[in-house]
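Text of structure.txt (compact mmCIF, N, CA and C atoms) as supplied:
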```
# COMPACT_ATOMS: atom_id res chain seq x y z
N MET A 1 197.72 72.97 218.26
CA MET A 1 196.58 73.54 217.59
C MET A 1 196.04 72.54 216.57
N LYS A 2 194.75 72.34 216.61
CA LYS A 2 194.13 71.39 215.69
C LYS A 2 193.94 71.97 214.30
N ARG A 3 193.63 73.24 214.22
CA ARG A 3 193.42 73.86 212.92
C ARG A 3 193.93 75.29 212.95
N LYS A 4 194.20 75.81 211.78
CA LYS A 4 194.64 77.19 211.68
C LYS A 4 193.43 78.11 211.60
N ILE A 5 193.59 79.29 212.11
CA ILE A 5 192.54 80.30 212.10
C ILE A 5 192.74 81.18 210.86
N LYS A 6 191.69 81.30 210.05
CA LYS A 6 191.75 82.19 208.88
C LYS A 6 191.39 83.59 209.35
N MET A 7 192.32 84.52 209.15
CA MET A 7 192.16 85.88 209.64
C MET A 7 192.21 86.87 208.48
N TYR A 8 191.12 87.62 208.31
CA TYR A 8 191.07 88.68 207.31
C TYR A 8 191.61 89.95 207.94
N LEU A 9 192.55 90.61 207.25
CA LEU A 9 193.18 91.83 207.74
C LEU A 9 192.47 93.04 207.14
N SER A 10 191.63 93.67 207.93
CA SER A 10 190.80 94.77 207.47
C SER A 10 191.34 96.10 207.97
N GLY A 11 191.35 97.07 207.09
CA GLY A 11 191.78 98.42 207.46
C GLY A 11 191.78 99.30 206.24
N PRO A 12 191.92 100.60 206.43
CA PRO A 12 191.88 101.52 205.31
C PRO A 12 192.93 101.21 204.24
N ILE A 13 192.55 101.40 202.98
CA ILE A 13 193.47 101.23 201.85
C ILE A 13 193.43 102.48 200.96
N LEU A 14 192.24 102.83 200.49
CA LEU A 14 192.08 103.90 199.51
C LEU A 14 192.58 105.24 200.06
N GLY A 15 193.50 105.85 199.34
CA GLY A 15 194.00 107.16 199.72
C GLY A 15 194.99 107.16 200.86
N CYS A 16 195.49 105.99 201.23
CA CYS A 16 196.40 105.90 202.37
C CYS A 16 197.85 105.85 201.92
N ASP A 17 198.74 106.27 202.82
CA ASP A 17 200.16 106.08 202.55
C ASP A 17 200.50 104.61 202.79
N LYS A 18 201.70 104.23 202.41
CA LYS A 18 202.09 102.82 202.46
C LYS A 18 202.02 102.25 203.88
N TYR A 19 202.39 103.02 204.91
CA TYR A 19 202.33 102.48 206.26
C TYR A 19 200.89 102.13 206.61
N THR A 20 200.00 103.04 206.33
CA THR A 20 198.62 102.84 206.75
C THR A 20 198.00 101.62 206.10
N TYR A 21 198.26 101.37 204.83
CA TYR A 21 197.60 100.23 204.21
C TYR A 21 198.42 98.95 204.17
N LYS A 22 199.73 99.03 204.26
CA LYS A 22 200.54 97.83 204.04
C LYS A 22 201.41 97.44 205.24
N ALA A 23 202.13 98.38 205.80
CA ALA A 23 203.12 98.05 206.83
C ALA A 23 202.50 97.40 208.07
N TRP A 24 201.32 97.86 208.49
CA TRP A 24 200.71 97.26 209.69
C TRP A 24 200.32 95.81 209.41
N ARG A 25 199.90 95.52 208.17
CA ARG A 25 199.55 94.14 207.81
C ARG A 25 200.81 93.27 207.81
N ASP A 26 201.90 93.78 207.23
CA ASP A 26 203.15 93.03 207.22
C ASP A 26 203.66 92.79 208.65
N LYS A 27 203.56 93.81 209.49
CA LYS A 27 203.98 93.68 210.90
C LYS A 27 203.14 92.60 211.60
N THR A 28 201.85 92.64 211.39
CA THR A 28 200.96 91.67 212.01
C THR A 28 201.31 90.25 211.57
N LYS A 29 201.48 90.06 210.27
CA LYS A 29 201.81 88.73 209.76
C LYS A 29 203.16 88.25 210.28
N LYS A 30 204.12 89.14 210.36
CA LYS A 30 205.46 88.77 210.85
C LYS A 30 205.39 88.37 212.33
N GLU A 31 204.72 89.19 213.13
CA GLU A 31 204.66 88.91 214.57
C GLU A 31 203.80 87.70 214.92
N LEU A 32 202.87 87.35 214.04
CA LEU A 32 202.00 86.20 214.29
C LEU A 32 202.36 85.00 213.41
N ALA A 33 203.58 84.99 212.91
CA ALA A 33 204.04 83.92 212.01
C ALA A 33 204.41 82.67 212.80
N ASN A 34 203.43 82.08 213.44
CA ASN A 34 203.67 80.89 214.27
C ASN A 34 202.83 79.71 213.81
N ASN A 35 202.34 79.77 212.59
CA ASN A 35 201.53 78.70 212.00
C ASN A 35 200.16 78.54 212.65
N LYS A 36 199.74 79.48 213.48
CA LYS A 36 198.40 79.44 214.07
C LYS A 36 197.37 80.09 213.14
N TYR A 37 197.85 81.00 212.29
CA TYR A 37 196.95 81.79 211.45
C TYR A 37 197.26 81.62 209.96
N ILE A 38 196.20 81.71 209.17
CA ILE A 38 196.30 81.89 207.72
C ILE A 38 195.73 83.28 207.47
N PHE A 39 196.50 84.12 206.80
CA PHE A 39 196.10 85.51 206.61
C PHE A 39 195.46 85.73 205.25
N LEU A 40 194.36 86.45 205.26
CA LEU A 40 193.69 86.90 204.04
C LEU A 40 193.94 88.41 203.97
N ASP A 41 194.83 88.80 203.07
CA ASP A 41 195.32 90.18 202.99
C ASP A 41 194.87 90.82 201.68
N PRO A 42 193.96 91.80 201.76
CA PRO A 42 193.44 92.41 200.53
C PRO A 42 194.48 93.23 199.77
N THR A 43 195.60 93.56 200.37
CA THR A 43 196.61 94.37 199.68
C THR A 43 197.53 93.54 198.81
N LEU A 44 197.36 92.23 198.80
CA LEU A 44 198.22 91.38 197.98
C LEU A 44 197.82 91.40 196.51
N GLY A 45 196.60 91.81 196.22
CA GLY A 45 196.15 91.93 194.83
C GLY A 45 196.51 93.28 194.27
N GLU A 46 196.28 93.46 193.00
CA GLU A 46 196.60 94.73 192.35
C GLU A 46 195.37 95.62 192.18
N ILE A 47 194.20 95.08 192.42
CA ILE A 47 192.95 95.81 192.17
C ILE A 47 192.80 97.03 193.07
N PHE A 48 193.25 96.92 194.31
CA PHE A 48 193.00 98.01 195.26
C PHE A 48 193.62 99.32 194.81
N ASP A 49 194.66 99.29 193.98
CA ASP A 49 195.28 100.51 193.48
C ASP A 49 194.32 101.32 192.61
N LYS A 50 193.37 100.64 191.99
CA LYS A 50 192.42 101.30 191.09
C LYS A 50 191.00 100.98 191.56
N GLU A 51 190.77 101.16 192.86
CA GLU A 51 189.52 100.73 193.48
C GLU A 51 188.29 101.28 192.78
N ALA A 52 188.27 102.56 192.47
CA ALA A 52 187.08 103.17 191.86
C ALA A 52 186.77 102.56 190.49
N GLU A 53 187.81 102.12 189.78
CA GLU A 53 187.62 101.54 188.46
C GLU A 53 187.18 100.08 188.52
N HIS A 54 187.35 99.45 189.65
CA HIS A 54 187.04 98.02 189.80
C HIS A 54 186.12 97.79 191.00
N ALA A 55 185.12 98.62 191.16
CA ALA A 55 184.27 98.57 192.34
C ALA A 55 183.65 97.20 192.59
N ASP A 56 183.07 96.60 191.56
CA ASP A 56 182.43 95.29 191.74
C ASP A 56 183.44 94.24 192.21
N GLU A 57 184.59 94.23 191.57
CA GLU A 57 185.63 93.25 191.92
C GLU A 57 186.14 93.44 193.34
N VAL A 58 186.39 94.69 193.71
CA VAL A 58 186.91 94.99 195.05
C VAL A 58 185.91 94.58 196.12
N VAL A 59 184.66 94.96 195.94
CA VAL A 59 183.63 94.65 196.93
C VAL A 59 183.37 93.15 197.01
N THR A 60 183.28 92.49 195.87
CA THR A 60 183.05 91.04 195.86
C THR A 60 184.20 90.30 196.53
N SER A 61 185.42 90.71 196.24
CA SER A 61 186.60 90.09 196.84
C SER A 61 186.59 90.26 198.36
N ALA A 62 186.28 91.46 198.82
CA ALA A 62 186.23 91.71 200.27
C ALA A 62 185.14 90.87 200.92
N GLN A 63 183.96 90.82 200.32
CA GLN A 63 182.87 90.02 200.88
C GLN A 63 183.26 88.55 200.96
N GLN A 64 183.86 88.02 199.91
CA GLN A 64 184.27 86.61 199.90
C GLN A 64 185.33 86.34 200.96
N SER A 65 186.26 87.25 201.13
CA SER A 65 187.30 87.06 202.14
C SER A 65 186.72 87.08 203.55
N VAL A 66 185.81 88.00 203.81
CA VAL A 66 185.16 88.04 205.12
C VAL A 66 184.38 86.75 205.35
N GLU A 67 183.68 86.29 204.34
CA GLU A 67 182.92 85.03 204.43
C GLU A 67 183.84 83.85 204.74
N GLU A 68 184.99 83.81 204.10
CA GLU A 68 185.93 82.70 204.27
C GLU A 68 186.65 82.73 205.62
N ALA A 69 186.80 83.89 206.18
CA ALA A 69 187.57 84.06 207.42
C ALA A 69 186.83 83.52 208.64
N ASP A 70 187.61 83.07 209.62
CA ASP A 70 187.06 82.73 210.93
C ASP A 70 186.94 83.99 211.77
N VAL A 71 187.86 84.91 211.51
CA VAL A 71 188.00 86.10 212.33
C VAL A 71 188.41 87.26 211.44
N ILE A 72 188.01 88.46 211.83
CA ILE A 72 188.43 89.65 211.11
C ILE A 72 189.21 90.52 212.10
N PHE A 73 190.44 90.83 211.71
CA PHE A 73 191.30 91.69 212.52
C PHE A 73 191.30 93.05 211.86
N VAL A 74 190.84 94.05 212.59
CA VAL A 74 190.59 95.37 212.03
C VAL A 74 191.51 96.40 212.68
N TYR A 75 192.27 97.10 211.85
CA TYR A 75 193.09 98.21 212.32
C TYR A 75 192.42 99.49 211.87
N ILE A 76 192.09 100.36 212.84
CA ILE A 76 191.39 101.61 212.53
C ILE A 76 192.23 102.80 213.03
N PRO A 77 193.13 103.30 212.16
CA PRO A 77 193.83 104.53 212.52
C PRO A 77 192.94 105.75 212.28
N PHE A 78 191.98 105.58 211.38
CA PHE A 78 190.91 106.54 211.10
C PHE A 78 189.79 105.74 210.45
N TYR A 79 188.60 106.29 210.44
CA TYR A 79 187.45 105.57 209.91
C TYR A 79 187.43 105.60 208.39
N SER A 80 187.08 104.46 207.79
CA SER A 80 186.99 104.38 206.33
C SER A 80 185.74 103.58 205.95
N MET A 81 185.21 103.90 204.80
CA MET A 81 183.98 103.28 204.33
C MET A 81 184.14 101.77 204.13
N GLY A 82 185.18 101.35 203.42
CA GLY A 82 185.38 99.93 203.15
C GLY A 82 185.55 99.12 204.42
N THR A 83 186.36 99.62 205.33
CA THR A 83 186.59 98.93 206.60
C THR A 83 185.28 98.80 207.38
N SER A 84 184.49 99.86 207.38
CA SER A 84 183.20 99.82 208.08
C SER A 84 182.29 98.74 207.53
N PHE A 85 182.23 98.63 206.21
CA PHE A 85 181.41 97.58 205.60
C PHE A 85 181.94 96.20 205.93
N GLU A 86 183.26 96.03 205.92
CA GLU A 86 183.83 94.72 206.23
C GLU A 86 183.49 94.31 207.66
N VAL A 87 183.54 95.24 208.59
CA VAL A 87 183.16 94.95 209.98
C VAL A 87 181.68 94.57 210.04
N PHE A 88 180.84 95.30 209.35
CA PHE A 88 179.41 95.00 209.35
C PHE A 88 179.13 93.62 208.76
N TRP A 89 179.78 93.29 207.62
CA TRP A 89 179.59 91.97 207.02
C TRP A 89 180.02 90.88 208.00
N ALA A 90 181.15 91.08 208.66
CA ALA A 90 181.65 90.10 209.62
C ALA A 90 180.66 89.92 210.77
N PHE A 91 180.10 91.03 211.24
CA PHE A 91 179.10 90.98 212.31
C PHE A 91 177.87 90.20 211.86
N GLN A 92 177.41 90.47 210.64
CA GLN A 92 176.24 89.76 210.11
C GLN A 92 176.49 88.26 209.99
N LYS A 93 177.72 87.90 209.71
CA LYS A 93 178.08 86.48 209.52
C LYS A 93 178.54 85.84 210.82
N ASN A 94 178.40 86.57 211.93
CA ASN A 94 178.76 86.07 213.25
C ASN A 94 180.24 85.66 213.35
N LYS A 95 181.09 86.43 212.69
CA LYS A 95 182.54 86.20 212.76
C LYS A 95 183.08 86.89 214.01
N LYS A 96 184.16 86.39 214.54
CA LYS A 96 184.84 87.08 215.64
C LYS A 96 185.49 88.32 215.07
N ILE A 97 185.38 89.43 215.79
CA ILE A 97 185.91 90.71 215.32
C ILE A 97 186.85 91.27 216.39
N ILE A 98 188.12 91.43 216.01
CA ILE A 98 189.13 92.01 216.89
C ILE A 98 189.47 93.37 216.29
N ILE A 99 189.34 94.42 217.09
CA ILE A 99 189.59 95.77 216.58
C ILE A 99 190.72 96.42 217.35
N ALA A 100 191.67 96.97 216.60
CA ALA A 100 192.73 97.83 217.14
C ALA A 100 192.35 99.25 216.74
N LEU A 101 191.83 100.01 217.69
CA LEU A 101 191.30 101.34 217.42
C LEU A 101 192.31 102.40 217.83
N GLU A 102 192.83 103.11 216.84
CA GLU A 102 193.74 104.22 217.12
C GLU A 102 193.18 105.54 216.60
N ALA A 103 191.92 105.52 216.17
CA ALA A 103 191.26 106.75 215.71
C ALA A 103 191.01 107.65 216.92
N GLU A 104 190.84 108.91 216.63
CA GLU A 104 190.68 109.89 217.70
C GLU A 104 189.42 109.66 218.55
N HIS A 105 188.34 109.22 217.91
CA HIS A 105 187.08 109.04 218.62
C HIS A 105 186.64 107.58 218.54
N GLU A 106 185.99 107.11 219.59
CA GLU A 106 185.47 105.74 219.60
C GLU A 106 184.01 105.76 219.20
N SER A 107 183.72 105.17 218.07
CA SER A 107 182.36 105.09 217.57
C SER A 107 181.56 104.06 218.37
N ALA A 108 180.28 104.35 218.54
CA ALA A 108 179.39 103.38 219.19
C ALA A 108 179.34 102.08 218.38
N PHE A 109 179.53 102.17 217.07
CA PHE A 109 179.51 100.99 216.21
C PHE A 109 180.71 100.09 216.50
N VAL A 110 181.85 100.71 216.76
CA VAL A 110 183.04 99.92 217.14
C VAL A 110 182.77 99.16 218.42
N ARG A 111 182.25 99.85 219.39
CA ARG A 111 181.95 99.22 220.69
C ARG A 111 180.93 98.08 220.51
N LYS A 112 179.92 98.29 219.69
CA LYS A 112 178.88 97.29 219.47
C LYS A 112 179.39 96.05 218.74
N PHE A 113 180.20 96.25 217.70
CA PHE A 113 180.59 95.13 216.84
C PHE A 113 181.83 94.39 217.28
N ALA A 114 182.67 94.99 218.10
CA ALA A 114 183.93 94.34 218.49
C ALA A 114 183.70 93.25 219.53
N ASP A 115 184.25 92.07 219.25
CA ASP A 115 184.30 91.03 220.28
C ASP A 115 185.45 91.30 221.23
N TYR A 116 186.53 91.83 220.66
CA TYR A 116 187.70 92.22 221.44
C TYR A 116 188.14 93.59 220.92
N LEU A 117 188.29 94.56 221.83
CA LEU A 117 188.65 95.93 221.45
C LEU A 117 189.92 96.35 222.17
N PHE A 118 190.88 96.84 221.38
CA PHE A 118 192.15 97.31 221.91
C PHE A 118 192.39 98.72 221.38
N TYR A 119 193.21 99.48 222.10
CA TYR A 119 193.44 100.86 221.72
C TYR A 119 194.83 101.09 221.13
N SER A 120 195.49 100.00 220.78
CA SER A 120 196.74 100.10 220.03
C SER A 120 196.91 98.81 219.23
N LEU A 121 197.60 98.94 218.12
CA LEU A 121 197.89 97.79 217.28
C LEU A 121 198.73 96.78 218.06
N GLU A 122 199.70 97.27 218.81
CA GLU A 122 200.58 96.39 219.57
C GLU A 122 199.82 95.56 220.59
N ASP A 123 198.88 96.19 221.30
CA ASP A 123 198.08 95.45 222.30
C ASP A 123 197.24 94.36 221.63
N ALA A 124 196.67 94.67 220.47
CA ALA A 124 195.86 93.68 219.75
C ALA A 124 196.73 92.52 219.28
N ILE A 125 197.90 92.81 218.76
CA ILE A 125 198.81 91.75 218.31
C ILE A 125 199.24 90.89 219.49
N ASP A 126 199.55 91.52 220.62
CA ASP A 126 199.93 90.75 221.81
C ASP A 126 198.80 89.80 222.22
N PHE A 127 197.57 90.26 222.15
CA PHE A 127 196.42 89.41 222.45
C PHE A 127 196.37 88.22 221.48
N LEU A 128 196.59 88.50 220.20
CA LEU A 128 196.51 87.44 219.19
C LEU A 128 197.64 86.41 219.34
N LYS A 129 198.68 86.74 220.05
CA LYS A 129 199.76 85.80 220.31
C LYS A 129 199.36 84.77 221.37
N THR A 130 198.34 85.07 222.13
CA THR A 130 197.85 84.14 223.16
C THR A 130 196.95 83.10 222.50
N ASP A 131 196.47 82.16 223.29
CA ASP A 131 195.54 81.15 222.79
C ASP A 131 194.08 81.49 223.11
N ILE A 132 193.83 82.67 223.63
CA ILE A 132 192.47 83.05 224.04
C ILE A 132 191.50 83.01 222.87
N LEU A 133 191.87 83.61 221.75
CA LEU A 133 190.99 83.62 220.57
C LEU A 133 190.75 82.21 220.07
N TYR A 134 191.79 81.42 220.01
CA TYR A 134 191.66 80.03 219.52
C TYR A 134 190.67 79.26 220.40
N ARG A 135 190.82 79.37 221.71
CA ARG A 135 189.89 78.67 222.61
C ARG A 135 188.46 79.20 222.45
N ASP A 136 188.35 80.51 222.24
CA ASP A 136 187.03 81.11 222.03
C ASP A 136 186.37 80.55 220.77
N LEU A 137 187.11 80.41 219.70
CA LEU A 137 186.57 79.87 218.45
C LEU A 137 186.21 78.39 218.58
N VAL A 138 187.04 77.64 219.26
CA VAL A 138 186.81 76.19 219.41
C VAL A 138 185.58 75.91 220.27
N ASN A 139 185.34 76.78 221.25
CA ASN A 139 184.23 76.58 222.18
C ASN A 139 182.89 77.10 221.69
N GLU A 140 182.85 77.64 220.47
CA GLU A 140 181.57 78.16 219.95
C GLU A 140 180.55 77.07 219.75
```

Please rewrite the model in this file as structure tokens.
Amino acid sequence: MKRKIKMYLSGPILGCDKYTYKAWRDKTKKELANNKYIFLDPTLGEIFDKEAEHADEVVTSAQQSVEEADVIFVYIPFYSMGTSFEVFWAFQKNKKIIIALEAEHESAFVRKFADYLFYSLEDAIDFLKTDILYRDLVNE
């Protein structure tokens, strides 16, 4: 690999239990710990715990991370406002968007914005273990 792929880990945080906001990100980083990716993880800061009190900081940080990323990896166990905006920003910036959709219903927006769509977190991670995304990014 010539360069590492910067991947923003997008998914619900506010009002979620620890698995929903943290464990899937840790699992993803552990399973993809092969030096191919650099992860941008919004749960590593302390601001998200008090999101409503730090709205400007939270939103600015998310926008900057999406801007910095080559790709946005989105886990959707249910739909959330912040995740939806992050996907939209990534789409506007022509970033690659990989979505693991486990929500009950498939939104037309998910279908429209996803470059790669999977219906389980495990299937999406398995895809990311391949070189398909890397070749896709290099050939742009």

> What is the distance between CA of Tyr79 in chain A and CA of Asp126 in chain A, in Å to one decimal?
Replying inline: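 Interatomic distance, CA of Tyr79 in chain A to CA of Asp126 in chain A: 22.7 Å.
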
>> If we count only C-alpha atoms and set the cut-off at 9 Å, which residues sit around Glu68 in chain A, ignoring sequence neighbours fewer than 4 positions away in its own chain? Please answer as number ranges by chain.
In response: A: 6-8, 40, 63-64

>> Could you pull out the alpha helix (DSSP H) residues of chain A, going by DSSP on the backbone, and write them as a ChimeraX atom specification?
In response: /A:18,24-31,55-68,81-92,108-113,121-128,132-138

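Proximity ranking of A:Phe85, A:Phe91, A:Ala69, A:Leu9 relative to Ala114 in chain A places A:Phe91 first, based on only C-alpha atoms.
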
> Taking into account all atoms listed in the file, which residue in the set A:Ser84, A:Glu102, A:Asp70, A:Thr28 is nearest to Leu137 in chain A?
Replying inline: A:Asp70

Using 6 Å as the limit and counting only N, CA and C atoms, can you tabulate each residue of range 41-108 of chain A that touches range 115-124 of chain A, with its shortest atom-to-atom distance in Å and the two atoms involved, as a Markdown table?
```
| residue | atom | partner | partner_atom | distance |
| --- | --- | --- | --- | --- |
| A:Lys96 | C | A:Asp115 | N | 5.8 |
| A:Ile97 | C | A:Asp115 | N | 3.9 |
| A:Ile98 | CA | A:Tyr116 | C | 4.4 |
| A:Ile99 | C | A:Phe118 | N | 4.1 |
| A:Ala100 | CA | A:Phe118 | C | 4.3 |
| A:Leu101 | N | A:Phe118 | C | 3.9 |
| A:Glu102 | N | A:Tyr119 | C | 5.1 |
```

> So which bits of range 50-116 of chain A end up strand (DSSP E) when you DSSP the backbone, as a PyMOL selection string?
Replying inline: chain A and resi 71-76+96-101+116

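Straight-line separation from atom N of Lys129 in chain A to CA of Leu32 in chain A: 6.7 Å.
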
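Our summary of the geometry notes that atom C of Phe127 in chain A is positioned 16.3 Å from atom C of Phe113 in chain A.
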
>> With all atoms listed in the file as the counted atoms, please give the residues lying no more than 6.5 Å from Lys36 in chain A, apart from itself and same-chain residues fewer than 5 positions off, as a list in words.
In response: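 That gives Arg3, Lys4 and Ile5 of chain A.
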